[in-house]
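Data file: structure.txt. Format and content: compact mmCIF, C-alpha atoms and all ligand atoms.
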```txt
# COMPACT_ATOMS: atom_id res chain seq x y z
CA MET A 1 26.58 -16.98 13.94
CA LEU A 2 29.02 -14.13 14.46
CA SER A 3 32.23 -16.04 14.11
CA GLY A 4 35.16 -13.78 13.26
CA LYS A 5 33.12 -10.60 13.69
CA ASN A 6 34.49 -7.76 15.79
CA ILE A 7 31.78 -6.03 17.76
CA LEU A 8 32.47 -2.81 19.57
CA LEU A 9 29.90 -2.36 22.30
CA GLY A 10 29.38 1.15 23.65
CA ILE A 11 27.72 1.57 27.05
CA THR A 12 26.49 4.95 28.25
CA GLY A 13 25.32 6.06 31.67
CA GLY A 14 21.78 4.75 32.14
CA ILE A 15 20.40 2.11 34.46
CA ALA A 16 19.85 -0.27 31.52
CA ALA A 17 23.66 -0.55 31.41
CA TYR A 18 23.38 -3.51 33.80
CA LYS A 19 21.55 -5.49 31.09
CA ILE A 20 24.47 -5.12 28.70
CA CYS A 21 26.55 -7.57 30.74
CA GLU A 22 24.18 -10.23 29.43
CA LEU A 23 24.40 -8.84 25.87
CA VAL A 24 28.19 -9.29 26.01
CA ARG A 25 27.60 -12.97 26.90
CA ILE A 26 25.11 -13.38 24.06
CA TYR A 27 27.59 -11.98 21.52
CA LYS A 28 30.39 -14.14 22.95
CA ARG A 29 28.21 -17.25 22.73
CA ALA A 30 27.73 -16.45 19.03
CA ASN A 31 31.56 -16.46 18.72
CA ALA A 32 31.98 -12.72 18.22
CA ASN A 33 35.03 -10.89 19.45
CA VAL A 34 33.67 -8.18 21.76
CA LYS A 35 35.36 -5.01 22.94
CA VAL A 36 33.58 -2.66 25.29
CA VAL A 37 33.90 1.08 25.55
CA CYS A 38 32.07 2.90 28.35
CA THR A 39 31.36 6.54 28.96
CA PRO A 40 32.63 7.62 32.39
CA ASN A 41 29.01 7.71 33.67
CA ALA A 42 28.33 4.13 32.55
CA LEU A 43 30.76 2.97 35.23
CA ASN A 44 28.34 4.25 37.87
CA PHE A 45 26.06 1.38 36.83
CA VAL A 46 28.42 -1.46 35.87
CA THR A 47 32.01 -2.22 36.75
CA LYS A 48 34.96 -2.47 34.43
CA LEU A 49 35.90 -5.77 36.02
CA THR A 50 32.52 -7.34 35.18
CA LEU A 51 32.73 -6.23 31.55
CA GLN A 52 36.38 -7.24 31.22
CA SER A 53 35.67 -10.69 32.59
CA LEU A 54 32.67 -11.24 30.31
CA SER A 55 34.22 -9.82 27.13
CA GLN A 56 37.68 -11.26 27.85
CA ASN A 57 39.07 -7.98 26.63
CA ASP A 58 40.18 -4.67 28.07
CA VAL A 59 37.42 -2.15 28.66
CA ALA A 60 38.17 1.39 27.58
CA THR A 61 36.78 4.60 29.02
CA GLU A 62 39.49 7.21 28.98
CA GLN A 63 40.38 9.05 25.83
CA PHE A 64 44.10 9.35 26.37
CA GLU A 65 45.14 5.88 27.55
CA ILE A 66 47.33 5.34 24.49
CA ASP A 67 49.25 2.09 24.42
CA ASN A 68 49.92 1.71 20.73
CA PHE A 69 50.97 3.99 17.91
CA LYS A 70 47.45 4.92 16.85
CA PRO A 71 45.21 7.21 18.88
CA GLU A 72 42.83 4.92 20.70
CA HIS A 73 39.60 6.16 19.09
CA ILE A 74 41.07 5.55 15.64
CA SER A 75 42.31 2.04 16.39
CA TYR A 76 38.95 1.08 17.94
CA ALA A 77 37.14 2.49 14.90
CA ASP A 78 39.43 0.61 12.49
CA GLU A 79 39.19 -2.78 14.19
CA ALA A 80 35.43 -3.15 14.65
CA ASP A 81 32.92 -4.37 12.04
CA ILE A 82 30.04 -2.70 13.84
CA PHE A 83 29.51 -0.33 16.76
CA VAL A 84 26.50 -1.10 18.96
CA ILE A 85 25.65 1.61 21.50
CA ALA A 86 23.32 0.25 24.17
CA PRO A 87 21.92 1.78 26.19
CA ALA A 88 22.21 5.11 24.39
CA THR A 89 21.19 7.95 26.70
CA ALA A 90 19.53 11.19 25.58
CA ASN A 91 22.82 12.91 26.36
CA THR A 92 24.97 10.68 24.13
CA ILE A 93 22.41 10.67 21.28
CA SER A 94 22.31 14.46 21.31
CA LYS A 95 26.09 14.80 21.47
CA ILE A 96 26.60 12.48 18.50
CA ALA A 97 23.92 14.27 16.47
CA ASN A 98 25.74 17.54 17.01
CA GLY A 99 29.23 16.30 16.29
CA ILE A 100 30.43 16.52 19.89
CA ALA A 101 33.31 14.18 20.70
CA ASP A 102 34.14 14.85 24.34
CA ASN A 103 34.82 11.31 25.56
CA LEU A 104 36.28 8.15 24.06
CA LEU A 105 32.91 6.70 23.02
CA THR A 106 31.72 9.82 21.19
CA SER A 107 35.18 10.28 19.63
CA ILE A 108 35.05 6.75 18.25
CA VAL A 109 31.62 7.49 16.74
CA ALA A 110 33.05 10.55 15.00
CA ALA A 111 35.75 8.39 13.39
CA PHE A 112 33.59 5.31 12.70
CA LYS A 113 32.81 4.52 9.06
CA LYS A 114 30.96 1.23 9.40
CA PRO A 115 27.41 0.55 10.64
CA ILE A 116 26.41 1.96 14.01
CA ILE A 117 23.38 0.64 15.90
CA ILE A 118 21.84 2.88 18.54
CA ALA A 119 19.56 1.30 21.18
CA PRO A 120 18.15 4.20 23.22
CA ALA A 121 16.92 3.80 26.79
CA MET A 122 15.69 6.54 29.10
CA ASN A 123 12.79 7.86 31.13
CA CYS A 124 9.57 8.22 29.05
CA ASN A 125 9.49 12.02 29.36
CA MET A 126 13.08 12.30 28.21
CA TRP A 127 12.23 9.97 25.33
CA SER A 128 9.35 12.18 24.18
CA ASN A 129 11.40 15.37 24.56
CA PRO A 130 11.31 17.05 21.12
CA PHE A 131 15.04 17.86 21.11
CA VAL A 132 15.94 14.24 21.83
CA GLN A 133 13.59 13.07 19.07
CA GLU A 134 14.98 15.63 16.65
CA ASN A 135 18.54 14.54 17.40
CA LEU A 136 17.69 10.86 17.00
CA GLN A 137 15.98 11.63 13.68
CA LYS A 138 19.15 13.41 12.56
CA LEU A 139 21.11 10.23 13.24
CA ILE A 140 18.59 8.07 11.35
CA ASN A 141 18.68 10.49 8.41
CA ASN A 142 22.43 10.08 8.35
CA GLY A 143 22.52 6.30 8.19
CA PHE A 144 22.57 5.28 11.84
CA LEU A 145 20.52 2.17 12.60
CA THR A 146 18.27 2.02 15.62
CA VAL A 147 16.59 -0.54 17.79
CA PRO A 148 13.80 1.57 19.31
CA PRO A 149 12.95 1.35 23.00
CA GLU A 150 9.86 -0.48 24.22
CA SER A 151 6.97 0.46 26.50
CA GLY A 152 6.75 -0.93 29.97
CA PHE A 153 7.73 -0.49 33.59
CA LEU A 154 10.75 1.81 33.85
CA ALA A 155 13.49 1.78 36.47
CA CYS A 156 12.43 5.26 37.62
CA GLY A 157 9.10 3.77 38.80
CA THR A 158 6.87 5.06 35.99
CA THR A 159 5.39 3.19 33.06
CA GLY A 160 5.86 4.34 29.48
CA GLU A 161 8.03 4.23 26.40
CA GLY A 162 11.79 4.29 26.96
CA ARG A 163 12.75 0.83 28.18
CA LEU A 164 15.76 -0.67 26.41
CA ALA A 165 14.66 -3.00 23.58
CA SER A 166 15.00 -6.68 24.42
CA LEU A 167 18.52 -8.03 24.09
CA ASP A 168 17.23 -10.50 21.50
CA LYS A 169 16.15 -7.62 19.28
CA ILE A 170 19.53 -5.91 19.61
CA PHE A 171 21.28 -9.19 18.87
CA ASP A 172 19.04 -9.92 15.85
CA LYS A 173 19.68 -6.45 14.42
CA THR A 174 23.43 -6.97 14.82
CA VAL A 175 23.27 -10.32 13.01
CA GLU A 176 21.07 -8.85 10.28
CA ILE A 177 23.50 -6.04 9.57
CA LEU A 178 26.67 -8.13 9.81
CA ASN A 179 25.26 -10.93 7.72
CA CYS A 180 24.40 -8.46 5.00
CA LYS A 181 28.22 -8.38 4.76
CA ASN A 182 28.04 -4.69 5.57
CA LYS A 183 25.82 -3.91 2.60
CA ILE A 184 25.78 -0.26 3.43
CA LEU A 185 22.79 0.69 1.27
CA THR A 186 20.35 -1.96 2.45
CA GLY A 187 16.94 -0.32 2.81
CA LYS A 188 18.08 2.81 0.93
CA LYS A 189 16.60 4.16 -2.30
CA VAL A 190 19.20 5.42 -4.76
CA ILE A 191 18.65 7.21 -8.09
CA ILE A 192 21.49 7.40 -10.61
CA THR A 193 21.45 9.19 -13.95
CA ALA A 194 23.84 8.21 -16.72
CA GLY A 195 24.69 9.06 -20.32
CA GLY A 196 24.40 12.17 -22.43
CA THR A 197 20.95 13.56 -23.11
CA ILE A 198 19.72 13.64 -26.69
CA GLU A 199 18.10 16.83 -27.94
CA ASP A 200 16.26 16.35 -31.22
CA ILE A 201 16.64 18.81 -34.08
CA ASP A 202 14.31 17.02 -36.49
CA PRO A 203 13.18 13.37 -36.88
CA VAL A 204 16.65 12.30 -38.10
CA ARG A 205 19.13 14.59 -36.31
CA TYR A 206 20.01 15.47 -32.77
CA ILE A 207 22.47 17.27 -30.50
CA SER A 208 24.25 15.20 -27.86
CA ASN A 209 27.68 14.66 -26.31
CA TYR A 210 30.34 12.00 -25.95
CA SER A 211 29.28 10.67 -22.55
CA SER A 212 29.26 6.85 -22.58
CA GLY A 213 27.28 6.55 -19.33
CA LYS A 214 29.88 4.08 -18.00
CA MET A 215 30.63 5.94 -14.77
CA GLY A 216 26.95 6.34 -13.87
CA ILE A 217 26.16 2.73 -14.75
CA SER A 218 29.07 1.54 -12.57
CA ILE A 219 27.65 3.58 -9.69
CA ALA A 220 24.22 2.01 -10.24
CA ASP A 221 25.75 -1.50 -10.29
CA CYS A 222 27.61 -0.75 -7.06
CA ALA A 223 24.52 0.73 -5.35
CA TYR A 224 22.60 -2.42 -6.29
CA SER A 225 25.33 -4.73 -4.99
CA GLN A 226 25.35 -2.72 -1.76
CA GLY A 227 21.68 -3.60 -1.23
CA ALA A 228 20.01 -0.39 -2.46
CA GLU A 229 16.67 -0.13 -4.21
CA THR A 230 18.36 1.10 -7.36
CA ILE A 231 16.81 3.24 -10.10
CA LEU A 232 18.96 4.02 -13.11
CA ILE A 233 17.65 6.81 -15.33
CA THR A 234 19.62 6.72 -18.55
CA THR A 235 19.74 7.55 -22.21
CA LYS A 236 21.57 4.25 -22.89
CA ASP A 237 20.08 0.84 -23.70
CA VAL A 238 20.97 -1.41 -20.78
CA VAL A 239 19.41 -4.47 -19.20
CA LYS A 240 19.97 -4.71 -15.46
CA PRO A 241 18.57 -6.68 -12.53
CA TYR A 242 17.31 -3.36 -11.12
CA LYS A 243 14.90 -0.70 -12.38
CA VAL A 244 16.06 1.13 -15.51
CA ILE A 245 14.10 4.09 -16.91
CA LYS A 246 15.11 4.94 -20.44
CA VAL A 247 14.88 8.63 -21.31
CA LYS A 248 16.08 10.77 -24.16
CA SER A 249 16.09 14.50 -23.50
CA ALA A 250 16.97 16.62 -20.46
CA LEU A 251 13.28 17.41 -19.96
CA GLU A 252 12.38 13.71 -19.91
CA MET A 253 15.24 12.99 -17.52
CA GLN A 254 14.10 15.72 -15.16
CA GLN A 255 10.52 14.45 -15.19
CA ALA A 256 11.66 10.87 -14.48
CA ILE A 257 13.73 11.94 -11.47
CA PHE A 258 10.97 14.11 -10.06
CA ASP A 259 8.52 11.18 -10.41
CA GLU A 260 10.88 8.99 -8.35
CA PHE A 261 12.11 11.66 -5.91
CA ASP A 262 9.99 10.81 -2.84
CA ASP A 263 11.78 8.76 -0.14
CA THR A 264 15.04 8.78 -2.07
CA ASP A 265 18.18 8.61 0.08
CA TYR A 266 20.87 9.32 -2.51
CA ILE A 267 20.89 10.85 -6.00
CA PHE A 268 23.96 10.57 -8.22
CA MET A 269 23.64 12.99 -11.18
CA ALA A 270 26.28 11.41 -13.39
CA ALA A 271 24.44 12.18 -16.64
CA ALA A 272 25.90 14.67 -19.07
CA VAL A 273 22.85 16.87 -19.46
CA ALA A 274 22.74 19.12 -22.50
CA ASP A 275 22.60 22.72 -21.33
CA PHE A 276 20.51 23.68 -24.39
CA ARG A 277 17.84 22.11 -26.56
CA VAL A 278 16.55 23.11 -29.96
CA LYS A 279 14.03 25.91 -29.65
CA ASN A 280 11.76 24.80 -32.46
CA PHE A 281 11.84 21.08 -33.13
CA ASN A 282 11.23 20.54 -36.83
CA GLU A 283 8.46 18.00 -37.39
CA GLN A 284 9.86 17.20 -40.84
CA LYS A 285 13.42 16.52 -41.89
CA ILE A 286 15.15 19.86 -42.55
CA LYS A 287 16.14 20.16 -46.20
CA LYS A 288 19.36 21.82 -47.22
CA THR A 289 19.11 25.14 -48.96
CA GLU A 290 21.33 27.07 -51.31
CA SER A 291 22.88 28.95 -48.39
CA ASN A 292 26.26 27.86 -47.01
CA GLU A 293 25.14 28.59 -43.50
CA MET A 294 22.30 27.52 -41.33
CA THR A 295 21.25 28.61 -37.87
CA ILE A 296 19.60 26.48 -35.25
CA GLU A 297 18.15 28.42 -32.37
CA LEU A 298 18.71 26.88 -28.94
CA ILE A 299 16.93 27.42 -25.67
CA LYS A 300 18.28 26.67 -22.21
CA ASN A 301 17.41 23.37 -20.57
CA PRO A 302 16.59 23.36 -16.87
CA ASP A 303 19.55 22.66 -14.60
CA ILE A 304 18.24 19.35 -13.25
CA LEU A 305 20.81 19.13 -10.46
CA LYS A 306 20.02 22.61 -9.20
CA SER A 307 16.28 22.00 -9.39
CA LEU A 308 16.74 18.84 -7.28
CA CYS A 309 18.77 20.73 -4.68
CA ASP A 310 16.08 23.44 -4.57
CA LYS A 311 13.38 20.78 -4.18
CA LYS A 312 15.31 19.24 -1.29
CA ALA A 313 15.75 22.63 0.40
CA ASN A 314 11.99 23.23 0.23
CA SER A 315 11.02 19.83 1.63
CA ASN A 316 11.76 17.59 4.58
CA SER A 317 13.86 15.33 2.40
CA SER A 318 17.28 14.33 3.73
CA VAL A 319 18.39 12.99 0.33
CA LYS A 320 22.10 13.34 -0.32
CA ILE A 321 22.67 14.79 -3.79
CA VAL A 322 25.90 14.13 -5.64
CA GLY A 323 26.71 16.16 -8.73
CA PHE A 324 29.38 15.41 -11.32
CA CYS A 325 31.63 17.83 -13.04
CA ALA A 326 33.52 17.10 -16.24
CA GLU A 327 36.04 19.77 -17.14
CA THR A 328 38.96 20.24 -19.50
CA GLU A 329 40.75 22.89 -17.38
CA ASN A 330 40.73 24.39 -13.83
CA LEU A 331 39.07 21.20 -12.60
CA ILE A 332 39.04 21.77 -8.84
CA ASP A 333 38.19 25.48 -9.00
CA TYR A 334 35.26 24.91 -11.36
CA ALA A 335 34.07 21.96 -9.27
CA LYS A 336 34.15 24.02 -6.06
CA ALA A 337 32.20 26.79 -7.76
CA LYS A 338 29.60 24.26 -8.98
CA ILE A 339 28.99 22.70 -5.57
CA LYS A 340 28.24 26.20 -4.25
CA ASN A 341 26.13 27.38 -7.19
CA LYS A 342 24.06 24.24 -7.46
CA GLY A 343 23.74 23.51 -3.72
CA CYS A 344 24.54 19.80 -3.91
CA ASP A 345 26.10 17.86 -1.03
CA TYR A 346 29.04 16.46 -2.98
CA ILE A 347 30.57 16.82 -6.39
CA VAL A 348 32.70 14.29 -8.25
CA ALA A 349 35.13 16.01 -10.60
CA ASN A 350 37.08 14.51 -13.45
CA ASP A 351 39.31 15.80 -16.22
CA VAL A 352 37.79 14.82 -19.57
CA SER A 353 40.67 16.26 -21.55
CA ARG A 354 42.80 13.26 -20.58
CA LYS A 355 42.56 10.46 -23.13
CA ASP A 356 43.33 7.71 -20.58
CA ILE A 357 40.34 8.56 -18.36
CA GLY A 358 38.10 10.32 -20.86
CA PHE A 359 34.51 9.71 -21.84
CA SER A 360 34.51 6.15 -23.19
CA SER A 361 37.41 4.89 -21.09
CA ASP A 362 36.93 2.02 -18.62
CA GLU A 363 39.08 3.84 -16.10
CA ASN A 364 38.70 7.07 -14.25
CA GLU A 365 40.51 9.30 -11.77
CA VAL A 366 38.29 11.63 -9.79
CA TYR A 367 38.17 14.10 -6.95
CA LEU A 368 35.33 13.97 -4.43
CA ILE A 369 34.54 17.37 -2.95
CA ASP A 370 32.14 17.97 -0.07
CA LYS A 371 30.24 21.06 1.10
CA ASN A 372 33.16 22.09 3.29
CA LEU A 373 35.20 22.09 0.07
CA ASP A 374 37.41 19.27 1.38
CA VAL A 375 38.91 17.45 -1.58
CA GLU A 376 39.71 13.74 -1.73
CA LYS A 377 41.46 12.18 -4.72
CA PHE A 378 40.69 8.69 -6.01
CA GLU A 379 43.68 7.59 -8.08
CA LYS A 380 43.27 6.16 -11.60
CA GLN A 381 41.53 2.78 -11.50
CA SER A 382 38.57 0.99 -13.10
CA LYS A 383 35.25 2.83 -13.09
CA ALA A 384 33.80 -0.06 -11.04
CA LEU A 385 36.38 0.53 -8.28
CA ILE A 386 35.92 4.31 -8.49
CA ALA A 387 32.16 3.74 -8.07
CA GLU A 388 32.81 1.69 -4.90
CA LYS A 389 35.03 4.43 -3.51
CA ILE A 390 32.50 7.18 -4.29
CA ILE A 391 29.60 5.27 -2.72
CA GLY A 392 31.63 4.20 0.33
CA GLU A 393 32.92 7.68 0.99
CA VAL A 394 29.61 9.48 0.38
CA TYR A 395 27.91 7.01 2.72
CA ALA A 396 30.56 7.43 5.41
CA LYS A 397 30.78 11.21 5.12
CA SER A 398 27.02 11.68 5.03
CA ARG A 399 26.70 9.72 8.23
CA ASN A 400 29.44 11.49 10.07
CA LEU A 401 28.69 15.03 8.99
CA CYS A 402 25.39 15.02 10.83
CA ASN A 403 24.93 18.76 10.78
CA ILE A 404 25.22 19.06 7.01
CA LYS A 405 21.77 18.42 5.62
N1 LIG B 501 23.51 19.18 -14.88
C1 LIG B 501 22.13 19.17 -14.80
N2 LIG B 501 21.38 19.88 -15.68
C2 LIG B 501 21.98 20.61 -16.63
C3 LIG B 501 23.40 20.65 -16.72
C4 LIG B 501 24.13 19.91 -15.85
O1 LIG B 501 21.59 18.50 -13.92
N3 LIG B 501 21.24 21.30 -17.47
C5 LIG B 501 24.28 18.44 -13.88
C6 LIG B 501 25.12 17.31 -14.42
O2 LIG B 501 24.41 16.08 -14.42
C7 LIG B 501 26.27 17.26 -13.43
C8 LIG B 501 26.40 18.71 -12.99
O3 LIG B 501 25.17 19.33 -13.29
O4 LIG B 501 25.97 16.49 -12.30
C9 LIG B 501 27.50 19.50 -13.62
O5 LIG B 501 27.39 19.41 -15.00
P1 LIG B 501 28.36 20.24 -15.95
O6 LIG B 501 27.95 20.01 -17.37
O7 LIG B 501 29.78 19.97 -15.60
O8 LIG B 501 28.07 21.70 -15.49
P2 LIG B 501 27.15 22.81 -16.05
O9 LIG B 501 26.23 23.23 -14.97
O10 LIG B 501 26.50 22.41 -17.33
O11 LIG B 501 28.20 23.98 -16.26
P3 LIG B 501 29.19 24.28 -17.49
O12 LIG B 501 28.56 23.72 -18.72
O13 LIG B 501 29.27 25.77 -17.48
O14 LIG B 501 30.49 23.66 -17.13
```
Now that the file is in, can you turn its structure into structure tokens?
Ligand code: CTP
Amino acid sequence: MLSGKNILLGITGGIAAYKICELVRIYKRANANVKVVCTPNALNFVTKLTLQSLSQNDVATEQFEIDNFKPEHISYADEADIFVIAPATANTISKIANGIADNLLTSIVAAFKKPIIIAPAMNCNMWSNPFVQENLQKLINNGFLTVPPESGFLACGTTGEGRLASLDKIFDKTVEILNCKNKILTGKKVIITAGGTIEDIDPVRYISNYSSGKMGISIADCAYSQGAETILITTKDVVKPYKVIKVKSALEMQQAIFDEFDDTDYIFMAAAVADFRVKNFNEQKIKKTESNEMTIELIKNPDILKSLCDKKANSNSSVKIVGFCAETENLIDYAKAKIKNKGCDYIVANDVSRKDIGFSSDENEVYLIDKNLDVEKFEKQSKALIAEKIIGEVYAKSRNLCNIK
């Protein structure tokens, strides 16, 4: 069932570590390639020799045993398709949730960009400790997968919740995730906006912009193919195998997003929202007059992106909000200013003055900027490939930067 899959198995220092010897055998029987990494404390409960013999691979514990050109935590992170940490102690869960990387296992987690399954096991009072729960919740909010512990007789002699989940459950979860071919957005709800908004002047005229909606629609297609419950809110006419909500104006777009906001994991605001709408919509077609001039009064539209970031800040939502920034000059500086002013988690910036990657083009070249103002460039390529890169990187960064909510 797991033929050709590379499983990295992390063992931390709890008594349930002894059960993981059997889990190694279960993975091996399913034809997986298994590598084990232990925290130093795990070796108080199981021996390296046992795990080496069962996994038929070296077992790593020390951070600086470098025997190839890559630092060990990076090469382990690169090779594996999935990282399963079982048992995960309160200590390791809390370290990961706070970005601490003080041993090989926690360093690998910090560098790992593919799915991570956490199977906690500990004494029932430790399990109910609010700090442990808060830290575990942080991990879940940032894309970690869990196999929760069960109730029963615990090694410390008490009965309660905290016993490592059955090995079958951990195995099934591993198969489920790997057989989804690493569909990173399975179980996630994603909203994408696309296209320029249309602000009516009268029944026959409107104000809009050149946005084709292609970038946003490519992101929606990619989110869908990555297993997300996908909701595309757009001004364009498109038929898709996922939910499409057709809107016209900025106000309609804002209402549609707010209606769908609850339980959303990611929002990509790729729409080109008009900053202004006509103050007094004319019910009848405006007739020309003798004058050579005419004035249309405009009124500011809400900044939808900012209102979403404010809504997130005032709720328990852990939604990751990605803004977009189309500029004709000073691209990076303007983008950095926007991420700060609007409060979004990421911003994707592109130069719309360039004809080869402009509004209706099928290609794009973008910069992804995070809250730390780190900039990553995605070279010119199709919008479909850019969409994959944006989703992959936002997913990976959101999961690793646990302390950025
Ligand atoms: N945006 C929005 N609501 C608006 C204007 C923009 O939600 N009224 C969003 C866009 O969808 C995009 C981001 O804000 O994700 C940046 O849009 P952009 O037009 O580049 O920035 P503005 O805030 O409009 O700033 P400016 O026009 O001064 O460049």
Contact check, chain A to ligand LIG 501 (chain B), at most 9 Å, counting only C-alpha atoms and all ligand atoms, closest pairs as CSV:
```
residue,atom,partner,partner_atom,distance
A:Thr193,CA,B:LIG501,O2,7.5
A:Ala194,CA,B:LIG501,O2,8.2
A:Gly196,CA,B:LIG501,O2,8.9
A:Ala250,CA,B:LIG501,N3,7.0
A:Gln254,CA,B:LIG501,O1,8.1
A:Phe268,CA,B:LIG501,O4,7.5
A:Met269,CA,B:LIG501,O4,4.4
A:Ala270,CA,B:LIG501,O2,5.1
A:Ala271,CA,B:LIG501,O2,4.5
A:Ala272,CA,B:LIG501,O2,5.1
A:Val273,CA,B:LIG501,C3,4.7
A:Ala274,CA,B:LIG501,N3,5.7
A:Asp275,CA,B:LIG501,N3,4.3
A:Phe276,CA,B:LIG501,N3,7.4
A:Lys300,CA,B:LIG501,N3,7.8
A:Asn301,CA,B:LIG501,N3,5.3
A:Pro302,CA,B:LIG501,N3,5.1
A:Asp303,CA,B:LIG501,N2,3.5
A:Ile304,CA,B:LIG501,O1,3.5
A:Leu305,CA,B:LIG501,O1,3.6
A:Lys306,CA,B:LIG501,O1,6.5
A:Ser307,CA,B:LIG501,O1,7.8
A:Leu308,CA,B:LIG501,O1,8.2
A:Val322,CA,B:LIG501,O4,7.1
A:Gly323,CA,B:LIG501,O4,3.7
A:Phe324,CA,B:LIG501,O4,3.7
A:Cys325,CA,B:LIG501,O7,3.8
A:Ala326,CA,B:LIG501,O7,4.8
A:Glu327,CA,B:LIG501,O7,6.4
A:Tyr334,CA,B:LIG501,O14,7.6
A:Ala335,CA,B:LIG501,O7,7.9
A:Lys338,CA,B:LIG501,O9,6.9
A:Ile339,CA,B:LIG501,C9,8.8
A:Asn341,CA,B:LIG501,O9,8.8
A:Lys342,CA,B:LIG501,O3,7.7
A:Ile347,CA,B:LIG501,O4,7.5
A:Val348,CA,B:LIG501,O4,8.2
A:Ala349,CA,B:LIG501,O7,8.3
```
### Query
Of the candidates A:Cys21, A:Val239, A:Val352, A:Ile369, which one gets nearest to A:Ala337 if we count only C-alpha atoms?
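Closest to A:Ala337, using only C-alpha atoms: A:Ile369.
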### Query
Counting only C-alpha atoms, which residues come within 7 Å of (25.0, 10.5, 32.4), with the point read in the file's coordinates, and could you list them as a list in words?
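Within the cut-off we find Gly13, Gly14, Asn41 and Asn91 of chain A.
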### Task
For a cut-off of 7 Å around (38.0, 9.1, 16.2), file coordinates, pick out all residues using all atoms listed in the file and list them as an MDAnalysis selection string.
chainID A and resid 73:74 77 107:112
### Message
Could you list, as a list of chain:residue names, every residue within 9 Å of stretch 157-159 of chain A, counting only C-alpha atoms and ignoring same-chain residues fewer than 6 positions away?
### Response
A:Asn123, A:Cys124, A:Ser151
What does the file look like for those residues with C-alpha atoms, as a PDB file, keeping the file's coordinate frame?
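Contents of again_33.pdb, freshly written:
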```pdb
ATOM      1  CA  ASN A 123      12.790   7.860  31.130  1.00  0.00           C
ATOM      2  CA  CYS A 124       9.570   8.220  29.050  1.00  0.00           C
ATOM      3  CA  SER A 151       6.970   0.460  26.500  1.00  0.00           C
TER       4      SER A 151
END
```
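Going from atom CA of A:Met253 over to atom CA of A:Ile231, you cover 12.4 Å.
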### Task
Measuring atom to atom with all atoms listed in the file, identify which of A:Gly213, A:Ser218, A:Asn372, A:Val34 is nearest to A:Asp237.
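Smallest distance to A:Asp237 is found for A:Gly213.
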### Query
Which one of A:Phe153, A:Ala384, A:Arg29, A:Ala16 sits closest to A:Ile217 if you count all atoms listed in the file?
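Using all atoms listed in the file, the shortest distance to A:Ile217 belongs to A:Ala384.
Pairwise distance (atom CA of A:Leu167, atom CA of A:Ala101) equals 26.9 Å.
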### Distance criterion (only C-alpha atoms): nearest to A:Ile207 out of A:Phe45, A:Tyr266, A:Phe258, A:Phe281
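Smallest separation from A:Ile207 among the options: A:Phe281.
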### Query
For A:Lys19, which residue out of A:Glu62, A:Asp259, A:Leu164, A:Pro40 is the nearest one, using all atoms listed in the file?
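Using all atoms listed in the file, the shortest distance to A:Lys19 belongs to A:Leu164.
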### Task
Rounded to one decimal place, report the atom CA of A:Leu373-atom CA of A:Lys320 distance in Å.
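Answer for the atom CA of A:Leu373 to atom CA of A:Lys320 separation: 15.8 Å.
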### Message
Give me, as a ChimeraX atom specification, all polymer residues having an atom no more than 10 Å from A:Ser225, counting all atoms listed in the file and skipping those fewer than 2 positions away in the same chain.
### Response
/A:183-186,219-223,227-230,388
### Message
Can you tell me which residues surround A:Ser53 at a distance of at most 12 Å, considering all atoms listed in the file, apart from same-chain residues fewer than 5 positions away, and format the answer as a PyMOL selection string?
### Response
chain A and resi 21-22+24-25+28+34-36+47-48+58-59
Edge lengths and centre in Å to one decimal, as JSON, is what I'm after for the box along x, y and z that holds all listed atoms of stretch 295-298 of chain A once 4 Å is added on each side.
```
{"center_x": 19.7, "center_y": 27.5, "center_z": -33.4, "size_x": 11.1, "size_y": 10.1, "size_z": 16.9}
```
